[in-house]
$ cat data_15.pdb   # PDB, C-alpha atoms
ATOM      1  CA  MET A   1      28.946 137.945  96.227  1.00  0.00           C
ATOM      2  CA  LYS A   2      28.615 134.201  96.363  1.00  0.00           C
ATOM      3  CA  LEU A   3      27.958 132.435  99.630  1.00  0.00           C
ATOM      4  CA  SER A   4      28.486 128.730 100.196  1.00  0.00           C
ATOM      5  CA  GLY A   5      25.646 126.257 100.421  1.00  0.00           C
ATOM      6  CA  GLY A   6      26.685 125.764 104.032  1.00  0.00           C
ATOM      7  CA  VAL A   7      25.291 129.212 104.847  1.00  0.00           C
ATOM      8  CA  GLU A   8      21.834 128.176 103.651  1.00  0.00           C
ATOM      9  CA  TRP A   9      22.000 124.943 105.628  1.00  0.00           C
ATOM     10  CA  ALA A  10      23.189 126.701 108.779  1.00  0.00           C
ATOM     11  CA  LEU A  11      20.471 129.347 108.557  1.00  0.00           C
ATOM     12  CA  HIS A  12      17.763 126.707 108.131  1.00  0.00           C
ATOM     13  CA  CYS A  13      19.138 124.832 111.135  1.00  0.00           C
ATOM     14  CA  CYS A  14      19.134 127.946 113.296  1.00  0.00           C
ATOM     15  CA  VAL A  15      15.513 128.633 112.338  1.00  0.00           C
ATOM     16  CA  VAL A  16      14.294 125.113 113.130  1.00  0.00           C
ATOM     17  CA  LEU A  17      16.276 124.935 116.373  1.00  0.00           C
ATOM     18  CA  THR A  18      13.968 127.680 117.657  1.00  0.00           C
ATOM     19  CA  ALA A  19      11.108 125.170 117.447  1.00  0.00           C
ATOM     20  CA  ALA A  20      12.792 122.313 119.313  1.00  0.00           C
ATOM     21  CA  THR A  21      12.452 121.965 123.072  1.00  0.00           C
ATOM     22  CA  GLU A  22      15.310 119.470 123.332  1.00  0.00           C
ATOM     23  CA  PRO A  23      18.844 119.393 121.864  1.00  0.00           C
ATOM     24  CA  VAL A  24      18.774 118.225 118.247  1.00  0.00           C
ATOM     25  CA  PRO A  25      21.477 115.912 116.857  1.00  0.00           C
ATOM     26  CA  ALA A  26      23.133 117.028 113.626  1.00  0.00           C
ATOM     27  CA  ALA A  27      22.021 113.752 112.018  1.00  0.00           C
ATOM     28  CA  ARG A  28      18.375 114.622 112.770  1.00  0.00           C
ATOM     29  CA  LEU A  29      18.821 118.088 111.247  1.00  0.00           C
ATOM     30  CA  ALA A  30      20.399 116.486 108.170  1.00  0.00           C
ATOM     31  CA  GLN A  31      17.481 114.071 107.927  1.00  0.00           C
ATOM     32  CA  LEU A  32      14.980 116.928 108.178  1.00  0.00           C
ATOM     33  CA  HIS A  33      16.632 118.828 105.351  1.00  0.00           C
ATOM     34  CA  ASP A  34      17.657 115.746 103.314  1.00  0.00           C
ATOM     35  CA  VAL A  35      21.281 116.863 103.174  1.00  0.00           C
ATOM     36  CA  SER A  36      24.650 115.218 103.790  1.00  0.00           C
ATOM     37  CA  PRO A  37      25.055 114.496 107.518  1.00  0.00           C
ATOM     38  CA  SER A  38      28.833 114.938 107.425  1.00  0.00           C
ATOM     39  CA  TYR A  39      28.672 118.281 105.577  1.00  0.00           C
ATOM     40  CA  LEU A  40      25.895 119.543 107.853  1.00  0.00           C
ATOM     41  CA  ALA A  41      27.925 118.497 110.903  1.00  0.00           C
ATOM     42  CA  LYS A  42      30.743 120.752 109.651  1.00  0.00           C
ATOM     43  CA  GLN A  43      28.342 123.692 109.446  1.00  0.00           C
ATOM     44  CA  MET A  44      27.086 122.989 112.961  1.00  0.00           C
ATOM     45  CA  GLN A  45      30.686 122.862 114.204  1.00  0.00           C
ATOM     46  CA  ALA A  46      31.313 126.258 112.603  1.00  0.00           C
ATOM     47  CA  LEU A  47      28.233 127.640 114.370  1.00  0.00           C
ATOM     48  CA  SER A  48      29.492 126.119 117.619  1.00  0.00           C
ATOM     49  CA  ARG A  49      32.959 127.696 117.218  1.00  0.00           C
ATOM     50  CA  ALA A  50      31.208 131.058 116.727  1.00  0.00           C
ATOM     51  CA  ASP A  51      29.167 130.432 119.906  1.00  0.00           C
ATOM     52  CA  LEU A  52      25.862 130.583 118.032  1.00  0.00           C
ATOM     53  CA  VAL A  53      24.939 127.010 118.990  1.00  0.00           C
ATOM     54  CA  LYS A  54      26.254 124.717 121.657  1.00  0.00           C
ATOM     55  CA  SER A  55      26.625 120.989 121.559  1.00  0.00           C
ATOM     56  CA  ILE A  56      25.077 119.062 124.419  1.00  0.00           C
ATOM     57  CA  GLN A  57      26.785 115.710 124.976  1.00  0.00           C
ATOM     58  CA  GLY A  58      25.079 112.452 125.902  1.00  0.00           C
ATOM     59  CA  LYS A  59      22.468 110.052 124.661  1.00  0.00           C
ATOM     60  CA  THR A  60      19.853 112.787 124.249  1.00  0.00           C
ATOM     61  CA  GLY A  61      22.413 115.376 123.165  1.00  0.00           C
ATOM     62  CA  GLY A  62      22.531 117.591 120.165  1.00  0.00           C
ATOM     63  CA  TYR A  63      22.542 121.275 119.320  1.00  0.00           C
ATOM     64  CA  VAL A  64      20.734 124.223 120.876  1.00  0.00           C
ATOM     65  CA  LEU A  65      20.984 127.938 120.197  1.00  0.00           C
ATOM     66  CA  THR A  66      23.201 129.754 122.706  1.00  0.00           C
ATOM     67  CA  ARG A  67      21.027 132.858 122.878  1.00  0.00           C
ATOM     68  CA  PRO A  68      17.606 134.094 121.814  1.00  0.00           C
ATOM     69  CA  ALA A  69      16.954 134.022 118.073  1.00  0.00           C
ATOM     70  CA  SER A  70      16.416 137.781 118.177  1.00  0.00           C
ATOM     71  CA  ASP A  71      20.061 138.161 119.265  1.00  0.00           C
ATOM     72  CA  ILE A  72      21.520 136.183 116.339  1.00  0.00           C
ATOM     73  CA  ALA A  73      21.883 138.129 113.096  1.00  0.00           C
ATOM     74  CA  VAL A  74      21.948 136.451 109.712  1.00  0.00           C
ATOM     75  CA  LEU A  75      25.386 138.048 109.299  1.00  0.00           C
ATOM     76  CA  ASP A  76      26.578 136.152 112.403  1.00  0.00           C
ATOM     77  CA  VAL A  77      25.711 132.872 110.688  1.00  0.00           C
ATOM     78  CA  VAL A  78      27.249 133.929 107.357  1.00  0.00           C
ATOM     79  CA  GLN A  79      30.504 134.895 109.045  1.00  0.00           C
ATOM     80  CA  ALA A  80      30.557 131.726 111.154  1.00  0.00           C
ATOM     81  CA  VAL A  81      30.293 129.534 108.063  1.00  0.00           C
ATOM     82  CA  ASP A  82      32.055 131.523 105.340  1.00  0.00           C
ATOM     83  CA  GLY A  83      34.303 133.807 107.372  1.00  0.00           C
ATOM     84  CA  ALA A  84      34.390 137.559 107.806  1.00  0.00           C
ATOM     85  CA  SER A  85      36.763 138.431 104.959  1.00  0.00           C
ATOM     86  CA  PRO A  86      35.511 141.077 102.548  1.00  0.00           C
ATOM     87  CA  ALA A  87      34.087 139.876  99.250  1.00  0.00           C
ATOM     88  CA  PHE A  88      36.597 141.979  97.300  1.00  0.00           C
ATOM     89  CA  THR A  89      40.326 142.383  97.838  1.00  0.00           C
ATOM     90  CA  CYS A  90      42.065 145.236  96.059  1.00  0.00           C
ATOM     91  CA  THR A  91      45.433 144.201  94.611  1.00  0.00           C
ATOM     92  CA  GLU A  92      46.383 147.740  93.521  1.00  0.00           C
ATOM     93  CA  ILE A  93      46.332 146.829  89.838  1.00  0.00           C
ATOM     94  CA  ARG A  94      46.435 150.575  89.101  1.00  0.00           C
ATOM     95  CA  GLN A  95      50.129 150.494  90.069  1.00  0.00           C
ATOM     96  CA  ARG A  96      50.995 147.929  87.377  1.00  0.00           C
ATOM     97  CA  GLY A  97      51.785 148.047  83.704  1.00  0.00           C
ATOM     98  CA  PRO A  98      53.268 150.745  81.493  1.00  0.00           C
ATOM     99  CA  PHE A  99      50.917 153.437  82.847  1.00  0.00           C
ATOM    100  CA  GLY A 100      50.997 152.293  86.486  1.00  0.00           C
ATOM    101  CA  THR A 101      50.491 154.944  89.135  1.00  0.00           C
ATOM    102  CA  PRO A 102      53.455 155.221  91.496  1.00  0.00           C
ATOM    103  CA  PRO A 103      52.646 153.891  94.989  1.00  0.00           C
ATOM    104  CA  GLU A 104      53.360 157.289  96.571  1.00  0.00           C
ATOM    105  CA  ASP A 105      50.550 158.769  94.435  1.00  0.00           C
ATOM    106  CA  CYS A 106      48.054 156.171  95.640  1.00  0.00           C
ATOM    107  CA  THR A 107      47.038 157.919  98.845  1.00  0.00           C
ATOM    108  CA  LYS A 108      43.322 157.109  98.494  1.00  0.00           C
ATOM    109  CA  GLN A 109      41.563 153.895  97.591  1.00  0.00           C
ATOM    110  CA  CYS A 110      40.856 153.734  93.883  1.00  0.00           C
ATOM    111  CA  PRO A 111      37.246 154.287  92.763  1.00  0.00           C
ATOM    112  CA  ILE A 112      36.798 150.563  92.099  1.00  0.00           C
ATOM    113  CA  ALA A 113      37.962 149.584  95.576  1.00  0.00           C
ATOM    114  CA  ARG A 114      35.714 152.278  97.105  1.00  0.00           C
ATOM    115  CA  ALA A 115      32.688 151.030  95.165  1.00  0.00           C
ATOM    116  CA  MET A 116      33.347 147.414  96.117  1.00  0.00           C
ATOM    117  CA  SER A 117      33.943 148.349  99.750  1.00  0.00           C
ATOM    118  CA  ALA A 118      30.670 150.273  99.851  1.00  0.00           C
ATOM    119  CA  ALA A 119      28.807 147.315  98.344  1.00  0.00           C
ATOM    120  CA  ASP A 120      30.386 144.953 100.892  1.00  0.00           C
ATOM    121  CA  ALA A 121      29.388 147.267 103.749  1.00  0.00           C
ATOM    122  CA  ALA A 122      25.828 147.509 102.381  1.00  0.00           C
ATOM    123  CA  TRP A 123      25.215 143.763 102.170  1.00  0.00           C
ATOM    124  CA  ARG A 124      26.752 143.239 105.612  1.00  0.00           C
ATOM    125  CA  ALA A 125      24.514 145.952 107.079  1.00  0.00           C
ATOM    126  CA  SER A 126      21.505 144.350 105.411  1.00  0.00           C
ATOM    127  CA  LEU A 127      22.306 140.905 106.839  1.00  0.00           C
ATOM    128  CA  GLU A 128      23.100 142.409 110.248  1.00  0.00           C
ATOM    129  CA  SER A 129      19.611 143.941 110.332  1.00  0.00           C
ATOM    130  CA  VAL A 130      17.847 140.561 109.976  1.00  0.00           C
ATOM    131  CA  SER A 131      17.751 138.178 112.930  1.00  0.00           C
ATOM    132  CA  ILE A 132      16.952 134.498 113.133  1.00  0.00           C
ATOM    133  CA  ALA A 133      13.750 135.591 114.912  1.00  0.00           C
ATOM    134  CA  ASP A 134      12.878 137.695 111.843  1.00  0.00           C
ATOM    135  CA  LEU A 135      13.354 134.611 109.659  1.00  0.00           C
ATOM    136  CA  VAL A 136      11.151 132.596 112.036  1.00  0.00           C
ATOM    137  CA  GLY A 137       8.460 135.255 111.649  1.00  0.00           C
ATOM    138  CA  SER A 138       8.733 135.069 107.869  1.00  0.00           C
ATOM    139  CA  VAL A 139       8.467 131.267 107.928  1.00  0.00           C
ATOM    140  CA  GLU A 140       5.347 131.531 110.083  1.00  0.00           C
ATOM    141  CA  GLN A 141       3.895 134.139 107.732  1.00  0.00           C
ATOM    142  CA  ASP A 142       4.699 132.129 104.596  1.00  0.00           C
ATOM    143  CA  SER A 143       4.006 128.608 105.847  1.00  0.00           C
ATOM    144  CA  GLY A 144       1.484 129.160 108.631  1.00  0.00           C
ATOM    145  CA  PRO A 145       1.795 129.265 112.412  1.00  0.00           C
ATOM    146  CA  GLN A 146       1.902 125.464 112.762  1.00  0.00           C
ATOM    147  CA  ALA A 147       4.832 124.831 110.404  1.00  0.00           C
ATOM    148  CA  LEU A 148       7.639 125.305 112.915  1.00  0.00           C
ATOM    149  CA  PRO A 149       5.822 123.726 115.885  1.00  0.00           C
ATOM    150  CA  SER A 150       5.219 120.646 113.711  1.00  0.00           C
ATOM    151  CA  ILE A 151       8.912 120.526 112.838  1.00  0.00           C
ATOM    152  CA  GLY A 152       9.780 121.010 116.517  1.00  0.00           C
ATOM    153  CA  THR A 153       7.610 118.049 117.474  1.00  0.00           C
ATOM    154  CA  TRP A 154       9.303 115.925 114.799  1.00  0.00           C
ATOM    155  CA  LEU A 155      12.780 117.008 115.931  1.00  0.00           C
ATOM    156  CA  ASP A 156      11.986 116.324 119.590  1.00  0.00           C
ATOM    157  CA  ALA A 157      10.572 112.891 118.736  1.00  0.00           C
ATOM    158  CA  ALA A 158      14.102 111.639 118.048  1.00  0.00           C
ATOM    159  CA  ASN A 159      15.029 112.074 121.713  1.00  0.00           C
ATOM    160  CA  VAL A 160      11.790 110.467 122.891  1.00  0.00           C
ATOM    161  CA  SER A 161      12.269 107.391 120.702  1.00  0.00           C
ATOM    162  CA  ASP A 162      15.964 107.138 121.641  1.00  0.00           C
ATOM    163  CA  GLY A 163      15.385 107.656 125.381  1.00  0.00           C
TER     164      GLY A 163
END

$ encode --input "data_15.pdb" --output "structure tokens"
Amino acid sequence: MKLSGGVEWALHCCVVLTAATEPVPAARLAQLHDVSPSYLAKQMQALSRADLVKSIQGKTGGYVLTRPASDIAVLDVVQAVDGASPAFTCTEIRQRGPFGTPPEDCTKQCPIARAMSAADAAWRASLESVSIADLVGSVEQDSGPQALPSIGTWLDAANVSDG
């Protein structure tokens, strides 16, 4: 399973948005993470389409989470950015070649498709069980209780200096 870099960026943005008291422009989030503003804007648009963040228009506009961080699963963010398609697609290769199994004999998924489907379900369940709030807690545990409030102050300062 390979996820795009956009997933990482989107997850980081969701975590830091919990610390901001004002809407945060995508450009400010890009500056914070030292990433491409245009690529980050695409990830924020994907989160907006999935109703995980909302864009506030105006001079002091930007992005805010649409619901509490405890109600946003990591899987929600992954699917918003990379889509909900399974990681593996069975093409029924067992029906091909000189020893191919006739389609009428393929009444069950093959063992390979079953194994891949089980793995897909397991990683989705794992990501569904972790919320943005859980990630916030881990950041606080790893980086100290002032890490996110400091970032929040920095993010909010953009609106103060622009206003």

$ resolve_selection --input "data_15.pdb" --expression "the PyMOL selection byres ((chain A and resi 9-14) around 7)" --output "list in words"
Gly5, Gly6, Val7, Glu8, Val15, Val16, Leu17, Thr18, Leu29, Gln43, Met44, Val77 and Ile132 of chain A

$ write_last_selection --input "data_15.pdb" --atoms "C-alpha atoms" --output "PDB file, in the frame of the given file"
ATOM      1  CA  GLY A   5      25.646 126.257 100.421  1.00  0.00           C
ATOM      2  CA  GLY A   6      26.685 125.764 104.032  1.00  0.00           C
ATOM      3  CA  VAL A   7      25.291 129.212 104.847  1.00  0.00           C
ATOM      4  CA  GLU A   8      21.834 128.176 103.651  1.00  0.00           C
ATOM      5  CA  VAL A  15      15.513 128.633 112.338  1.00  0.00           C
ATOM      6  CA  VAL A  16      14.294 125.113 113.130  1.00  0.00           C
ATOM      7  CA  LEU A  17      16.276 124.935 116.373  1.00  0.00           C
ATOM      8  CA  THR A  18      13.968 127.680 117.657  1.00  0.00           C
ATOM      9  CA  LEU A  29      18.821 118.088 111.247  1.00  0.00           C
ATOM     10  CA  GLN A  43      28.342 123.692 109.446  1.00  0.00           C
ATOM     11  CA  MET A  44      27.086 122.989 112.961  1.00  0.00           C
ATOM     12  CA  VAL A  77      25.711 132.872 110.688  1.00  0.00           C
ATOM     13  CA  ILE A 132      16.952 134.498 113.133  1.00  0.00           C
TER      14      ILE A 132
END

$ atom_distance --input "data_15.pdb" --atom1 "atom CA of Ala73 of chain A" --atom2 "atom CA of Gly58 of chain A"
28.9 Å

$ resolve_selection --input "data_15.pdb" --expression "the PyMOL selection byres ((chain A and resi 32) around 12)" --output "list in words"
Trp9, His12, Cys13, Val16, Leu17, Val24, Pro25, Ala26, Ala27, Arg28, Leu29, Ala30, Gln31, His33, Asp34, Val35, Ser36, Pro37, Leu40, Ser150, Ile151, Gly152, Thr153, Trp154, Leu155, Asp156 and Ala158 of chain A

$ closest_residue --input "data_15.pdb" --among "A:Thr66, A:Thr107, A:Gln95, A:Lys42" --to "Lys54 of chain A" --atoms "only C-alpha atoms"
A:Thr66

$ atom_distance --input "data_15.pdb" --atom1 "atom CA of Gln79 of chain A" --atom2 "atom CA of Ala122 of chain A"
15.0 Å

$ atom_distance --input "data_15.pdb" --atom1 "atom CA of Leu52 of chain A" --atom2 "atom CA of Ser131 of chain A"
12.2 Å

$ residues_near_point --input "data_15.pdb" --point "(22.9, 114.6, 122.9)" --cutoff "10 Å" --atoms "only C-alpha atoms" --output "list in words"
Glu22, Pro23, Val24, Pro25, Ala26, Ser55, Ile56, Gln57, Gly58, Lys59, Thr60, Gly61, Gly62, Tyr63 and Asn159 of chain A

$ closest_residue --input "data_15.pdb" --among "A:Val136, A:Cys90, A:Ser85, A:Ala157" --to "Ala19 of chain A" --atoms "only C-alpha atoms"
A:Val136

$ axis_aligned_box --input "data_15.pdb" --around "segment 34-45 of chain A" --padding-each-side "4 Å" --output "AutoDock Vina command-line options"
--center_x 24.2 --center_y 119.1 --center_z 108.7 --size_x 21.1 --size_y 17.2 --size_z 19.0

$ residues_around --input "data_15.pdb" --residues "Asp105 of chain A" --least-positions-apart "4" --cutoff "12 Å" --atoms "only C-alpha atoms" --output "JSON, numbers by chain"
{"A": [92, 94, 95, 100, 101, 109, 110]}

$ residues_around --input "data_15.pdb" --residues "Ala119 of chain A" --least-positions-apart "5" --cutoff "12 Å" --atoms "all atoms listed in the file" --output "MDAnalysis selection string"
chainID A and resid 1 86:88 112:114 124:126

$ closest_residue --input "data_15.pdb" --among "A:Ile72, A:Val139, A:Val64, A:Gly83" --to "Ala46 of chain A" --atoms "only C-alpha atoms"
A:Gly83

$ decode --input "data_15.pdb" --residues "segment 28-125 of chain A" --atoms "C-alpha atoms" --output "PDB file, in the first residue's frame"
ATOM      1  CA  ARG A  28       0.080  29.950   5.684  1.00  0.00           C
ATOM      2  CA  LEU A  29      -0.202  26.173   6.110  1.00  0.00           C
ATOM      3  CA  ALA A  30       2.227  25.708   3.210  1.00  0.00           C
ATOM      4  CA  GLN A  31       4.624  28.173   4.819  1.00  0.00           C
ATOM      5  CA  LEU A  32       4.418  26.338   8.147  1.00  0.00           C
ATOM      6  CA  HIS A  33       5.270  23.016   6.544  1.00  0.00           C
ATOM      7  CA  ASP A  34       7.661  24.425   3.899  1.00  0.00           C
ATOM      8  CA  VAL A  35       5.765  22.739   1.077  1.00  0.00           C
ATOM      9  CA  SER A  36       4.423  23.818  -2.310  1.00  0.00           C
ATOM     10  CA  PRO A  37       1.487  26.210  -1.815  1.00  0.00           C
ATOM     11  CA  SER A  38      -0.256  25.092  -5.007  1.00  0.00           C
ATOM     12  CA  TYR A  39       0.038  21.369  -4.190  1.00  0.00           C
ATOM     13  CA  LEU A  40      -1.085  21.945  -0.600  1.00  0.00           C
ATOM     14  CA  ALA A  41      -4.054  23.975  -1.858  1.00  0.00           C
ATOM     15  CA  LYS A  42      -5.129  20.920  -3.885  1.00  0.00           C
ATOM     16  CA  GLN A  43      -5.040  18.769  -0.752  1.00  0.00           C
ATOM     17  CA  MET A  44      -7.083  21.347   1.148  1.00  0.00           C
ATOM     18  CA  GLN A  45      -9.618  21.408  -1.696  1.00  0.00           C
ATOM     19  CA  ALA A  46      -9.890  17.618  -1.479  1.00  0.00           C
ATOM     20  CA  LEU A  47     -10.512  17.895   2.270  1.00  0.00           C
ATOM     21  CA  SER A  48     -13.125  20.568   1.574  1.00  0.00           C
ATOM     22  CA  ARG A  49     -14.916  18.392  -1.018  1.00  0.00           C
ATOM     23  CA  ALA A  50     -15.039  15.622   1.612  1.00  0.00           C
ATOM     24  CA  ASP A  51     -16.496  18.112   4.131  1.00  0.00           C
ATOM     25  CA  LEU A  52     -13.586  17.661   6.535  1.00  0.00           C
ATOM     26  CA  VAL A  53     -12.594  21.337   6.321  1.00  0.00           C
ATOM     27  CA  LYS A  54     -14.461  24.365   5.119  1.00  0.00           C
ATOM     28  CA  SER A  55     -13.115  27.407   3.392  1.00  0.00           C
ATOM     29  CA  ILE A  56     -14.030  30.748   4.902  1.00  0.00           C
ATOM     30  CA  GLN A  57     -13.945  33.551   2.333  1.00  0.00           C
ATOM     31  CA  GLY A  58     -12.706  37.088   2.914  1.00  0.00           C
ATOM     32  CA  LYS A  59      -9.637  38.987   3.960  1.00  0.00           C
ATOM     33  CA  THR A  60      -9.207  36.946   7.144  1.00  0.00           C
ATOM     34  CA  GLY A  61     -10.434  33.741   5.517  1.00  0.00           C
ATOM     35  CA  GLY A  62      -8.891  30.348   5.330  1.00  0.00           C
ATOM     36  CA  TYR A  63      -9.619  26.804   6.422  1.00  0.00           C
ATOM     37  CA  VAL A  64     -11.225  25.414   9.564  1.00  0.00           C
ATOM     38  CA  LEU A  65     -12.204  21.882  10.506  1.00  0.00           C
ATOM     39  CA  THR A  66     -15.910  21.181   9.972  1.00  0.00           C
ATOM     40  CA  ARG A  67     -16.290  19.039  13.079  1.00  0.00           C
ATOM     41  CA  PRO A  68     -14.403  18.093  16.227  1.00  0.00           C
ATOM     42  CA  ALA A  69     -11.045  16.412  15.655  1.00  0.00           C
ATOM     43  CA  SER A  70     -12.335  13.378  17.542  1.00  0.00           C
ATOM     44  CA  ASP A  71     -14.958  12.925  14.798  1.00  0.00           C
ATOM     45  CA  ILE A  72     -12.455  12.875  11.910  1.00  0.00           C
ATOM     46  CA  ALA A  73     -10.719   9.545  11.336  1.00  0.00           C
ATOM     47  CA  VAL A  74      -7.350   9.270   9.649  1.00  0.00           C
ATOM     48  CA  LEU A  75      -9.127   7.076   7.084  1.00  0.00           C
ATOM     49  CA  ASP A  76     -11.448  10.008   6.267  1.00  0.00           C
ATOM     50  CA  VAL A  77      -8.418  12.094   5.312  1.00  0.00           C
ATOM     51  CA  VAL A  78      -6.782   9.257   3.349  1.00  0.00           C
ATOM     52  CA  GLN A  79      -9.947   8.677   1.343  1.00  0.00           C
ATOM     53  CA  ALA A  80     -10.474  12.403   0.763  1.00  0.00           C
ATOM     54  CA  VAL A  81      -7.002  12.771  -0.736  1.00  0.00           C
ATOM     55  CA  ASP A  82      -6.317   9.404  -2.371  1.00  0.00           C
ATOM     56  CA  GLY A  83      -9.828   8.065  -2.902  1.00  0.00           C
ATOM     57  CA  ALA A  84     -11.656   5.085  -1.470  1.00  0.00           C
ATOM     58  CA  SER A  85     -10.708   2.491  -4.091  1.00  0.00           C
ATOM     59  CA  PRO A  86      -9.212  -0.720  -2.737  1.00  0.00           C
ATOM     60  CA  ALA A  87      -5.446  -1.081  -2.912  1.00  0.00           C
ATOM     61  CA  PHE A  88      -5.759  -4.297  -4.933  1.00  0.00           C
ATOM     62  CA  THR A  89      -7.981  -5.061  -7.906  1.00  0.00           C
ATOM     63  CA  CYS A  90      -8.385  -8.685  -8.921  1.00  0.00           C
ATOM     64  CA  THR A  91      -8.280  -9.150 -12.700  1.00  0.00           C
ATOM     65  CA  GLU A  92      -9.163 -12.867 -12.562  1.00  0.00           C
ATOM     66  CA  ILE A  93      -5.794 -13.919 -13.954  1.00  0.00           C
ATOM     67  CA  ARG A  94      -6.673 -17.479 -12.888  1.00  0.00           C
ATOM     68  CA  GLN A  95      -9.043 -17.611 -15.881  1.00  0.00           C
ATOM     69  CA  ARG A  96      -6.247 -16.937 -18.392  1.00  0.00           C
ATOM     70  CA  GLY A  97      -3.647 -19.011 -20.144  1.00  0.00           C
ATOM     71  CA  PRO A  98      -3.529 -22.672 -21.120  1.00  0.00           C
ATOM     72  CA  PHE A  99      -4.635 -23.845 -17.654  1.00  0.00           C
ATOM     73  CA  GLY A 100      -7.194 -21.079 -17.056  1.00  0.00           C
ATOM     74  CA  THR A 101     -10.145 -21.914 -14.843  1.00  0.00           C
ATOM     75  CA  PRO A 102     -13.467 -21.521 -16.644  1.00  0.00           C
ATOM     76  CA  PRO A 103     -15.448 -18.506 -15.376  1.00  0.00           C
ATOM     77  CA  GLU A 104     -18.349 -20.730 -14.281  1.00  0.00           C
ATOM     78  CA  ASP A 105     -15.950 -22.528 -11.903  1.00  0.00           C
ATOM     79  CA  CYS A 106     -14.846 -19.266 -10.299  1.00  0.00           C
ATOM     80  CA  THR A 107     -17.681 -18.965  -7.803  1.00  0.00           C
ATOM     81  CA  LYS A 108     -15.463 -17.767  -4.934  1.00  0.00           C
ATOM     82  CA  GLN A 109     -12.728 -15.167  -4.837  1.00  0.00           C
ATOM     83  CA  CYS A 110      -9.340 -16.746  -5.383  1.00  0.00           C
ATOM     84  CA  PRO A 111      -7.064 -17.106  -2.337  1.00  0.00           C
ATOM     85  CA  ILE A 112      -4.901 -14.197  -3.510  1.00  0.00           C
ATOM     86  CA  ALA A 113      -7.865 -11.853  -3.854  1.00  0.00           C
ATOM     87  CA  ARG A 114      -9.159 -12.959  -0.427  1.00  0.00           C
ATOM     88  CA  ALA A 115      -5.781 -12.309   1.198  1.00  0.00           C
ATOM     89  CA  MET A 116      -5.459  -8.892  -0.426  1.00  0.00           C
ATOM     90  CA  SER A 117      -9.035  -7.986   0.480  1.00  0.00           C
ATOM     91  CA  ALA A 118      -8.425  -8.962   4.099  1.00  0.00           C
ATOM     92  CA  ALA A 119      -5.251  -6.861   4.201  1.00  0.00           C
ATOM     93  CA  ASP A 120      -7.111  -3.883   2.704  1.00  0.00           C
ATOM     94  CA  ALA A 121      -9.887  -4.237   5.289  1.00  0.00           C
ATOM     95  CA  ALA A 122      -7.311  -4.466   8.103  1.00  0.00           C
ATOM     96  CA  TRP A 123      -5.438  -1.284   7.203  1.00  0.00           C
ATOM     97  CA  ARG A 124      -8.709   0.590   6.687  1.00  0.00           C
ATOM     98  CA  ALA A 125      -9.966  -0.566  10.094  1.00  0.00           C
TER      99      ALA A 125
END
